[in-house]
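Novice: Below is the file final-v4.pdb, with PDB, C-alpha atoms.
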MODEL        1
ATOM      1  CA  MET A  82     -26.672   8.987 -21.925  1.00  0.00           C
ATOM      2  CA  LEU A  83     -23.136   8.317 -23.186  1.00  0.00           C
ATOM      3  CA  SER A  84     -22.115  11.940 -22.624  1.00  0.00           C
ATOM      4  CA  ASP A  85     -23.216  11.727 -18.987  1.00  0.00           C
ATOM      5  CA  LEU A  86     -21.221   8.513 -18.551  1.00  0.00           C
ATOM      6  CA  PHE A  87     -17.977  10.204 -19.588  1.00  0.00           C
ATOM      7  CA  ARG A  88     -18.641  13.087 -17.181  1.00  0.00           C
ATOM      8  CA  ASN A  89     -18.866  10.618 -14.304  1.00  0.00           C
ATOM      9  CA  PRO A  90     -16.147  11.580 -11.754  1.00  0.00           C
ATOM     10  CA  GLN A  91     -15.521   7.938 -10.863  1.00  0.00           C
ATOM     11  CA  LEU A  92     -14.969   7.018 -14.510  1.00  0.00           C
ATOM     12  CA  ILE A  93     -12.616   9.988 -15.009  1.00  0.00           C
ATOM     13  CA  ARG A  94     -10.735   8.919 -11.880  1.00  0.00           C
ATOM     14  CA  THR A  95     -10.430   5.333 -13.112  1.00  0.00           C
ATOM     15  CA  LEU A  96      -9.203   6.461 -16.539  1.00  0.00           C
ATOM     16  CA  SER A  97      -6.689   8.829 -14.954  1.00  0.00           C
ATOM     17  CA  TYR A  98      -5.162   6.182 -12.715  1.00  0.00           C
ATOM     18  CA  GLY A  99      -5.400   3.546 -15.438  1.00  0.00           C
ATOM     19  CA  CYS A 100      -3.367   5.741 -17.795  1.00  0.00           C
ATOM     20  CA  GLN A 101      -0.841   6.330 -15.021  1.00  0.00           C
ATOM     21  CA  LEU A 102      -0.571   2.601 -14.323  1.00  0.00           C
ATOM     22  CA  ILE A 103       0.030   1.656 -17.973  1.00  0.00           C
ATOM     23  CA  GLY A 104       2.088   4.755 -18.744  1.00  0.00           C
ATOM     24  CA  GLY A 105       4.307   4.294 -15.696  1.00  0.00           C
ATOM     25  CA  PHE A 106       4.916   0.674 -16.647  1.00  0.00           C
ATOM     26  CA  LEU A 107       5.735   1.534 -20.274  1.00  0.00           C
ATOM     27  CA  THR A 108       8.204   4.293 -19.349  1.00  0.00           C
ATOM     28  CA  GLU A 109      10.367   1.612 -17.758  1.00  0.00           C
ATOM     29  CA  GLN A 110      10.472  -0.387 -21.013  1.00  0.00           C
ATOM     30  CA  SER A 111      12.151   0.226 -24.391  1.00  0.00           C
ATOM     31  CA  SER A 112      12.503   3.699 -25.890  1.00  0.00           C
ATOM     32  CA  VAL A 113       9.491   3.277 -28.201  1.00  0.00           C
ATOM     33  CA  LYS A 114       7.245   2.066 -25.392  1.00  0.00           C
ATOM     34  CA  SER A 115       8.684   4.758 -23.126  1.00  0.00           C
ATOM     35  CA  GLU A 116       7.450   7.479 -25.497  1.00  0.00           C
ATOM     36  CA  VAL A 117       3.930   5.990 -25.458  1.00  0.00           C
ATOM     37  CA  GLY A 118       4.155   5.787 -21.680  1.00  0.00           C
ATOM     38  CA  LYS A 119       5.041   9.480 -21.387  1.00  0.00           C
ATOM     39  CA  ARG A 120       2.005  10.382 -23.485  1.00  0.00           C
ATOM     40  CA  LEU A 121      -0.239   8.268 -21.281  1.00  0.00           C
ATOM     41  CA  LEU A 122       1.216   9.954 -18.191  1.00  0.00           C
ATOM     42  CA  GLY A 123       0.411  13.292 -19.828  1.00  0.00           C
ATOM     43  CA  ILE A 124      -3.193  12.197 -20.374  1.00  0.00           C
ATOM     44  CA  SER A 125      -3.339  11.043 -16.761  1.00  0.00           C
ATOM     45  CA  ALA A 126      -2.119  14.446 -15.543  1.00  0.00           C
ATOM     46  CA  GLN A 127      -4.755  16.271 -17.603  1.00  0.00           C
ATOM     47  CA  LEU A 128      -7.547  13.995 -16.365  1.00  0.00           C
ATOM     48  CA  ASN A 129      -6.365  14.556 -12.811  1.00  0.00           C
ATOM     49  CA  HIS A 130      -6.451  18.298 -13.407  1.00  0.00           C
ATOM     50  CA  CYS A 131     -10.010  17.877 -14.709  1.00  0.00           C
ATOM     51  CA  ARG A 132     -10.958  16.115 -11.461  1.00  0.00           C
ATOM     52  CA  THR A 133      -9.441  18.954  -9.434  1.00  0.00           C
ATOM     53  CA  VAL A 134     -11.540  21.512 -11.315  1.00  0.00           C
ATOM     54  CA  LEU A 135     -14.707  19.422 -10.895  1.00  0.00           C
ATOM     55  CA  ARG A 136     -14.094  19.303  -7.131  1.00  0.00           C
ATOM     56  CA  LEU A 137     -14.418  23.105  -7.034  1.00  0.00           C
ATOM     57  CA  PHE A 138     -18.175  22.495  -6.884  1.00  0.00           C
ATOM     58  CA  ASP A 139     -18.190  19.819  -4.163  1.00  0.00           C
ATOM     59  CA  ASP A 140     -18.083  22.033  -1.072  1.00  0.00           C
ATOM     60  CA  LEU A 141     -21.829  22.586  -0.786  1.00  0.00           C
ATOM     61  CA  ALA A 142     -22.637  18.908  -1.292  1.00  0.00           C
ATOM     62  CA  MET A 143     -20.137  17.986   1.435  1.00  0.00           C
ATOM     63  CA  LEU A 144     -21.552  20.673   3.720  1.00  0.00           C
ATOM     64  CA  ALA A 145     -25.087  19.366   3.194  1.00  0.00           C
ATOM     65  CA  TYR A 146     -23.936  15.836   4.049  1.00  0.00           C
ATOM     66  CA  SER A 147     -22.045  17.027   7.149  1.00  0.00           C
ATOM     67  CA  ARG A 148     -25.064  18.990   8.379  1.00  0.00           C
ATOM     68  CA  GLN A 149     -27.364  16.031   7.783  1.00  0.00           C
ATOM     69  CA  TYR A 150     -25.064  13.694   9.711  1.00  0.00           C
ATOM     70  CA  GLY A 151     -24.432  16.278  12.429  1.00  0.00           C
ATOM     71  CA  LEU A 152     -22.959  14.645  15.525  1.00  0.00           C
ATOM     72  CA  GLY A 153     -24.188  11.231  14.442  1.00  0.00           C
ATOM     73  CA  ALA A 154     -27.024  10.985  16.955  1.00  0.00           C
ATOM     74  CA  LYS A 155     -28.492   8.013  15.068  1.00  0.00           C
ATOM     75  CA  GLU A 156     -25.299   5.965  15.456  1.00  0.00           C
ATOM     76  CA  GLU A 157     -25.489   3.374  18.215  1.00  0.00           C
ATOM     77  CA  ASP A 158     -21.705   3.066  18.572  1.00  0.00           C
ATOM     78  CA  ALA A 159     -19.944   6.123  20.027  1.00  0.00           C
ATOM     79  CA  ILE A 160     -16.598   5.225  18.409  1.00  0.00           C
ATOM     80  CA  ILE A 161     -18.149   4.991  14.946  1.00  0.00           C
ATOM     81  CA  ARG A 162     -20.005   8.251  15.583  1.00  0.00           C
ATOM     82  CA  TRP A 163     -16.922  10.279  16.446  1.00  0.00           C
ATOM     83  CA  LEU A 164     -14.756   8.703  13.771  1.00  0.00           C
ATOM     84  CA  SER A 165     -17.418   9.775  11.256  1.00  0.00           C
ATOM     85  CA  VAL A 166     -17.766  13.285  12.685  1.00  0.00           C
ATOM     86  CA  ILE A 167     -14.012  13.947  12.614  1.00  0.00           C
ATOM     87  CA  SER A 168     -13.757  12.418   9.141  1.00  0.00           C
ATOM     88  CA  ASN A 169     -16.529  14.711   7.881  1.00  0.00           C
ATOM     89  CA  PHE A 170     -14.735  17.692   9.401  1.00  0.00           C
ATOM     90  CA  ALA A 171     -11.466  16.721   7.676  1.00  0.00           C
ATOM     91  CA  ASP A 172     -13.302  16.287   4.361  1.00  0.00           C
ATOM     92  CA  GLN A 173     -14.960  19.683   4.745  1.00  0.00           C
ATOM     93  CA  LEU A 174     -11.600  21.384   5.296  1.00  0.00           C
ATOM     94  CA  TYR A 175      -9.967  19.443   2.460  1.00  0.00           C
ATOM     95  CA  TYR A 176     -11.942  21.156  -0.307  1.00  0.00           C
ATOM     96  CA  PRO A 177     -11.101  24.818   0.439  1.00  0.00           C
ATOM     97  CA  CYS A 178      -7.434  23.908   0.996  1.00  0.00           C
ATOM     98  CA  GLU A 179      -7.296  22.210  -2.400  1.00  0.00           C
ATOM     99  CA  HIS A 180      -9.126  25.143  -4.002  1.00  0.00           C
ATOM    100  CA  VAL A 181      -6.508  27.567  -2.645  1.00  0.00           C
ATOM    101  CA  ALA A 182      -3.704  25.341  -3.974  1.00  0.00           C
ATOM    102  CA  TRP A 183      -5.398  25.144  -7.380  1.00  0.00           C
ATOM    103  CA  ALA A 184      -5.941  28.913  -7.504  1.00  0.00           C
ATOM    104  CA  ALA A 185      -2.279  29.505  -6.618  1.00  0.00           C
ATOM    105  CA  ASP A 186      -1.092  27.178  -9.406  1.00  0.00           C
ATOM    106  CA  ALA A 187      -3.463  28.904 -11.839  1.00  0.00           C
ATOM    107  CA  LYS A 188      -1.951  32.302 -10.835  1.00  0.00           C
ATOM    108  CA  ILE A 189      -5.344  33.506  -9.645  1.00  0.00           C
ATOM    109  CA  ILE A 190      -3.850  34.284  -6.241  1.00  0.00           C
ATOM    110  CA  HIS A 191      -0.181  34.997  -5.621  1.00  0.00           C
ATOM    111  CA  ILE A 192       0.900  32.581  -2.905  1.00  0.00           C
ATOM    112  CA  ASN A 193       3.013  29.450  -2.717  1.00  0.00           C
ATOM    113  CA  SER A 194       0.758  26.484  -3.454  1.00  0.00           C
ATOM    114  CA  THR A 195       3.056  23.813  -1.975  1.00  0.00           C
ATOM    115  CA  LYS A 196       1.961  24.088   1.645  1.00  0.00           C
ATOM    116  CA  TRP A 197      -1.704  24.097   0.608  1.00  0.00           C
ATOM    117  CA  TRP A 198      -1.254  20.925  -1.456  1.00  0.00           C
ATOM    118  CA  ILE A 199       0.475  19.307   1.527  1.00  0.00           C
ATOM    119  CA  LEU A 200      -2.307  20.406   3.876  1.00  0.00           C
ATOM    120  CA  SER A 201      -5.064  19.156   1.576  1.00  0.00           C
ATOM    121  CA  THR A 202      -3.256  15.823   1.123  1.00  0.00           C
ATOM    122  CA  ALA A 203      -2.784  15.481   4.887  1.00  0.00           C
ATOM    123  CA  LEU A 204      -6.502  16.122   5.455  1.00  0.00           C
ATOM    124  CA  TRP A 205      -7.381  13.560   2.788  1.00  0.00           C
ATOM    125  CA  GLY A 206      -5.029  11.060   4.408  1.00  0.00           C
ATOM    126  CA  LEU A 207      -6.574  11.720   7.832  1.00  0.00           C
ATOM    127  CA  SER A 208     -10.057  11.149   6.435  1.00  0.00           C
ATOM    128  CA  LEU A 209      -8.934   7.882   4.832  1.00  0.00           C
ATOM    129  CA  LEU A 210      -7.308   6.699   8.056  1.00  0.00           C
ATOM    130  CA  LEU A 211     -10.463   7.490  10.033  1.00  0.00           C
ATOM    131  CA  GLY A 212     -12.565   5.769   7.371  1.00  0.00           C
ATOM    132  CA  THR A 213     -10.353   2.690   7.654  1.00  0.00           C
ATOM    133  CA  LEU A 214     -10.754   2.598  11.437  1.00  0.00           C
ATOM    134  CA  ARG A 215     -14.503   3.117  11.055  1.00  0.00           C
ATOM    135  CA  SER A 216     -14.819   0.168   8.664  1.00  0.00           C
ATOM    136  CA  LEU A 217     -12.803  -2.041  11.007  1.00  0.00           C
ATOM    137  CA  LYS A 218     -15.049  -1.103  13.937  1.00  0.00           C
ATOM    138  CA  ILE A 219     -18.210  -1.752  11.916  1.00  0.00           C
ATOM    139  CA  ILE A 220     -16.900  -5.163  10.826  1.00  0.00           C
ATOM    140  CA  LEU A 221     -16.097  -6.074  14.451  1.00  0.00           C
ATOM    141  CA  ASN A 222     -19.580  -4.989  15.550  1.00  0.00           C
ATOM    142  CA  LEU A 223     -21.246  -7.003  12.792  1.00  0.00           C
ATOM    143  CA  ARG A 224     -19.231 -10.124  13.618  1.00  0.00           C
ATOM    144  CA  ARG A 225     -20.199  -9.703  17.267  1.00  0.00           C
ATOM    145  CA  LYS A 226     -23.859  -9.736  16.223  1.00  0.00           C
ATOM    146  CA  LEU A 227     -23.324 -13.050  14.457  1.00  0.00           C
ATOM    147  CA  ARG A 228     -21.911 -14.563  17.629  1.00  0.00           C
ATOM    148  CA  ASN A 229     -24.910 -13.507  19.699  1.00  0.00           C
ATOM    149  CA  PRO A 230     -28.124 -14.865  18.138  1.00  0.00           C
ATOM    150  CA  GLU A 231     -29.952 -15.160  21.466  1.00  0.00           C
ATOM    151  CA  GLY A 232     -33.654 -14.367  21.426  1.00  0.00           C
ATOM    152  CA  LYS A 233     -34.036 -14.724  17.662  1.00  0.00           C
ATOM    153  CA  SER A 234     -35.875 -17.384  15.733  1.00  0.00           C
ATOM    154  CA  SER A 235     -33.939 -19.580  13.336  1.00  0.00           C
ATOM    155  CA  LYS A 236     -35.606 -17.983  10.298  1.00  0.00           C
ATOM    156  CA  SER A 237     -35.076 -14.461  11.591  1.00  0.00           C
ATOM    157  CA  PHE A 238     -31.424 -15.149  12.371  1.00  0.00           C
ATOM    158  CA  ARG A 239     -30.789 -16.620   8.897  1.00  0.00           C
ATOM    159  CA  ARG A 240     -32.252 -13.502   7.320  1.00  0.00           C
ATOM    160  CA  GLU A 241     -30.172 -11.243   9.545  1.00  0.00           C
ATOM    161  CA  LYS A 242     -27.054 -13.328   8.902  1.00  0.00           C
ATOM    162  CA  LYS A 243     -27.474 -12.827   5.165  1.00  0.00           C
ATOM    163  CA  MET A 244     -27.870  -9.062   5.587  1.00  0.00           C
ATOM    164  CA  ILE A 245     -24.828  -8.900   7.870  1.00  0.00           C
ATOM    165  CA  ALA A 246     -22.746 -10.829   5.316  1.00  0.00           C
ATOM    166  CA  ILE A 247     -23.653  -8.221   2.674  1.00  0.00           C
ATOM    167  CA  GLN A 248     -22.716  -5.394   5.059  1.00  0.00           C
ATOM    168  CA  VAL A 249     -19.409  -7.035   5.969  1.00  0.00           C
ATOM    169  CA  LYS A 250     -18.529  -7.463   2.289  1.00  0.00           C
ATOM    170  CA  SER A 251     -19.318  -3.807   1.640  1.00  0.00           C
ATOM    171  CA  GLU A 252     -17.170  -2.633   4.555  1.00  0.00           C
ATOM    172  CA  ILE A 253     -14.266  -4.887   3.526  1.00  0.00           C
ATOM    173  CA  LEU A 254     -14.358  -3.346   0.046  1.00  0.00           C
ATOM    174  CA  THR A 255     -14.478   0.140   1.558  1.00  0.00           C
ATOM    175  CA  LEU A 256     -11.554  -0.787   3.800  1.00  0.00           C
ATOM    176  CA  LEU A 257      -9.461  -1.983   0.834  1.00  0.00           C
ATOM    177  CA  SER A 258     -10.355   1.133  -1.181  1.00  0.00           C
ATOM    178  CA  ASN A 259      -9.369   3.432   1.693  1.00  0.00           C
ATOM    179  CA  LEU A 260      -6.075   1.591   2.261  1.00  0.00           C
ATOM    180  CA  ALA A 261      -5.156   1.854  -1.437  1.00  0.00           C
ATOM    181  CA  ASP A 262      -5.874   5.603  -1.431  1.00  0.00           C
ATOM    182  CA  LEU A 263      -4.095   6.046   1.916  1.00  0.00           C
ATOM    183  CA  ALA A 264      -0.966   4.475   0.424  1.00  0.00           C
ATOM    184  CA  ASN A 265      -1.010   7.140  -2.294  1.00  0.00           C
ATOM    185  CA  ALA A 266      -1.830   9.954   0.146  1.00  0.00           C
ATOM    186  CA  ILE A 267       1.268   9.096   2.194  1.00  0.00           C
ATOM    187  CA  HIS A 268       3.352   8.924  -0.994  1.00  0.00           C
ATOM    188  CA  TRP A 269       2.334  12.516  -1.821  1.00  0.00           C
ATOM    189  CA  LEU A 270       3.365  13.888   1.581  1.00  0.00           C
ATOM    190  CA  PRO A 271       6.812  15.503   2.025  1.00  0.00           C
ATOM    191  CA  PRO A 272       9.732  13.021   1.790  1.00  0.00           C
ATOM    192  CA  GLY A 273      10.869  11.547   5.103  1.00  0.00           C
ATOM    193  CA  PHE A 274       7.422  10.487   6.307  1.00  0.00           C
ATOM    194  CA  LEU A 275       7.053   6.706   5.968  1.00  0.00           C
ATOM    195  CA  TRP A 276       7.244   5.905   2.202  1.00  0.00           C
ATOM    196  CA  ALA A 277       6.495   9.470   1.028  1.00  0.00           C
ATOM    197  CA  GLY A 278       7.865  10.105  -2.458  1.00  0.00           C
ATOM    198  CA  ARG A 279       9.034   6.514  -2.989  1.00  0.00           C
ATOM    199  CA  PHE A 280       6.281   5.127  -5.228  1.00  0.00           C
ATOM    200  CA  PRO A 281       7.036   4.831  -8.953  1.00  0.00           C
ATOM    201  CA  PRO A 282       4.258   6.197 -11.214  1.00  0.00           C
ATOM    202  CA  TRP A 283       2.933   2.723 -12.075  1.00  0.00           C
ATOM    203  CA  LEU A 284       2.442   1.851  -8.385  1.00  0.00           C
ATOM    204  CA  VAL A 285       0.538   5.093  -7.765  1.00  0.00           C
ATOM    205  CA  GLY A 286      -1.583   4.184 -10.777  1.00  0.00           C
ATOM    206  CA  LEU A 287      -2.139   0.664  -9.476  1.00  0.00           C
ATOM    207  CA  MET A 288      -3.286   1.835  -6.029  1.00  0.00           C
ATOM    208  CA  GLY A 289      -5.588   4.435  -7.548  1.00  0.00           C
ATOM    209  CA  THR A 290      -7.002   2.011 -10.111  1.00  0.00           C
ATOM    210  CA  VAL A 291      -7.776  -0.579  -7.429  1.00  0.00           C
ATOM    211  CA  SER A 292      -9.537   2.035  -5.300  1.00  0.00           C
ATOM    212  CA  SER A 293     -11.473   3.431  -8.269  1.00  0.00           C
ATOM    213  CA  LEU A 294     -12.633   0.034  -9.518  1.00  0.00           C
ATOM    214  CA  ILE A 295     -13.834  -0.904  -6.037  1.00  0.00           C
ATOM    215  CA  SER A 296     -15.784   2.367  -5.786  1.00  0.00           C
ATOM    216  CA  MET A 297     -17.363   1.834  -9.204  1.00  0.00           C
ATOM    217  CA  TYR A 298     -18.272  -1.747  -8.284  1.00  0.00           C
ATOM    218  CA  GLN A 299     -19.881  -0.602  -5.042  1.00  0.00           C
ATOM    219  CA  ALA A 300     -21.817   2.139  -6.813  1.00  0.00           C
ATOM    220  CA  SER A 301     -23.143  -0.296  -9.408  1.00  0.00           C
ATOM    221  CA  GLY A 302     -23.996  -2.797  -6.672  1.00  0.00           C
ATOM    222  CA  LEU A 303     -26.008  -0.210  -4.744  1.00  0.00           C
ATOM    223  CA  HIS A 304     -27.798   0.727  -7.947  1.00  0.00           C
ATOM    224  CA  SER A 305     -28.656  -2.911  -8.615  1.00  0.00           C
ATOM    225  CA  GLU A 306     -30.022  -3.371  -5.094  1.00  0.00           C
ATOM    226  CA  LYS A 307     -32.244  -0.309  -5.509  1.00  0.00           C
ATOM    227  CA  SER A 308     -33.453  -1.597  -8.858  1.00  0.00           C
ATOM    228  CA  ASP A 309     -34.277  -4.990  -7.344  1.00  0.00           C
ATOM    229  CA  ASP A 310     -36.267  -3.389  -4.532  1.00  0.00           C
ATOM    230  CA  SER A 311     -38.338  -1.179  -6.842  1.00  0.00           C
TER     231      SER A 311
ENDMDL
END
Please re-express this file's structure in structure tokens.
Specialist:
Amino acid sequence: MLSDLFRNPQLIRTLSYGCQLIGGFLTEQSSVKSEVGKRLLGISAQLNHCRTVLRLFDDLAMLAYSRQYGLGAKEEDAIIRWLSVISNFADQLYYPCEHVAWAADAKIIHINSTKWWILSTALWGLSLLLGTLRSLKIILNLRRKLRNPEGKSSKSFRREKKMIAIQVKSEILTLLSNLADLANAIHWLPPGFLWAGRFPPWLVGLMGTVSSLISMYQASGLHSEKSDDS
């Protein structure tokens, strides 16, 4: 249904960053365009606040995923296993830290929210960095498989090669999405760390839009593959 579409977190994320991209660009133009840009930045901020509130309900889903994955016993590669385990742990801690920061800003609890926003951003950045390393390791492993076709028939190897190509494409997209988000995560850390605080609004919007569009593309691609198999 259309109403369900507009409650999709990925769509809200894309709209939020899209408004920031266009709004940030317009604020650097003439006075008339600048006023429109400020309004778009305001919409972006409200959509981002909406996403923060929606994430209040994500803890249990993340916990269920972390428990299901456990220590990654099914993973053949130990490096991928531990990168995933630590990433899951960082993600699990991210949510309560963000919730505390949100509650402090909403005056529900009387503490300084700044350090909690920094901590949640640092955990998000750590998860993205680990996800990037994980994708790189997976891509290397898949390419190694392509170089070692021993013991496989020509037909079997062609089939496997096609599947590996699909996996590599998926991991490359995940890698690009993580890098775009990681660029923003570093920007939101305290000034003095790499390029923290140096991105103009339009660049933050661009990085977020790229990441969001990739995620939406991947989600639709997975859906299509499931539909084809059914």
Novice: For each of A:Gly153, A:Pro90, A:Gly286, A:Pro272, take the minimum atom-to-atom distance to A:Leu102, counting only C-alpha atoms, then give the residue where this is smallest.
Specialist: A:Gly286
Novice: Translate the PyMOL selection byres ((chain A and resi 252) around 12) into a concrete residue list for this structure, as a ChimeraX atom specification.
Specialist: /A:212-224,245-251,253-259,295-296,299
Novice: Could you tell me which residues the PyMOL selection byres ((chain A and resi 172) around 10) grabs in this file, written as a list in words?
Specialist: Asp140, Met143, Leu144, Ser147, Val166, Ile167, Ser168, Asn169, Phe170, Ala171, Gln173, Leu174, Tyr175, Tyr176, Pro177, Ser201, Leu204, Trp205, Gly206, Leu207, Ser208 and Leu209 of chain A
Novice: Would you work out the distance separating atom CA of A:Glu156 from atom CA of A:Asn229, expressed in Å to one decimal?
Specialist: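 Separation of atom CA of A:Glu156 and atom CA of A:Asn229: 19.9 Å.
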Novice: Which of these residues is nearest to A:Ala203, using only C-alpha atoms: A:Val134, A:Leu294, A:Ile124, A:Cys178?
Specialist: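 Selected residue with least distance to A:Ala203: A:Cys178.
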Novice: Compare A:Val117, A:Ile103, A:Leu92, A:Ala159 by their minimum atom-to-atom distance to A:Asn129, counting all atoms listed in the file, and give me the closest one.
Specialist: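 Looking only at the distances to A:Asn129, the closest residue turns out to be A:Leu92.
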Novice: For atom CA of A:Phe138 and atom CA of A:Trp183, determine how far apart the two atoms are, in Å to one decimal place.
Specialist: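 Value for the atom CA of A:Phe138-atom CA of A:Trp183 distance: 13.1 Å.
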Novice: Under the rule that all atoms listed in the file are counted, which of A:Leu128, A:Ala182, A:Ile189, A:Ala264 is the nearest residue to A:Gln91?
Specialist: A:Leu128
Novice: Taking all listed atoms of stretch 249-261 of chain A, build the axis-aligned box, pad each of the six sides by 8 Å, then write its centre and edge lengths in Å to one decimal as AutoDock Vina command-line options.
Specialist:
--center_x -12.3 --center_y -2.0 --center_z 2.3 --size_x 30.3 --size_y 26.9 --size_z 23.4
Novice: From the list A:Ile199, A:Leu287, A:Leu227, A:Leu275, which residue is nearest A:Ala261 when using only C-alpha atoms?
Specialist: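 Selected residue with least distance to A:Ala261: A:Leu287.
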Novice: Quick one: distance from atom CA of A:Gly104 to atom CA of A:Leu200 in Å, one decimal?
Specialist: 27.9 Å
Novice: Go through A:Leu211, A:Gly302, A:Leu96, A:His191 one by one, measure the shortest atom-to-atom distance of each to A:Trp163 using all atoms listed in the file, and give the residue with the smallest value.
Specialist: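 Under the stated criterion, the closest residue is A:Leu211.
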Novice: Since I can't run it myself right now, could you work out what the PyMOL selection byres ((chain A and resi 106) around 12) selects here and report it as a list in words?
Specialist: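 Selected by the PyMOL selection byres ((chain A and resi 106) around 12) here: Gly99, Cys100, Gln101, Leu102, Ile103, Gly104, Gly105, Leu107, Thr108, Glu109, Gln110, Ser111, Lys114, Ser115, Glu116, Val117, Gly118, Lys119, Leu121, Leu122, Pro281, Pro282, Trp283, Leu284, Val285, Gly286 and Leu287 of chain A.
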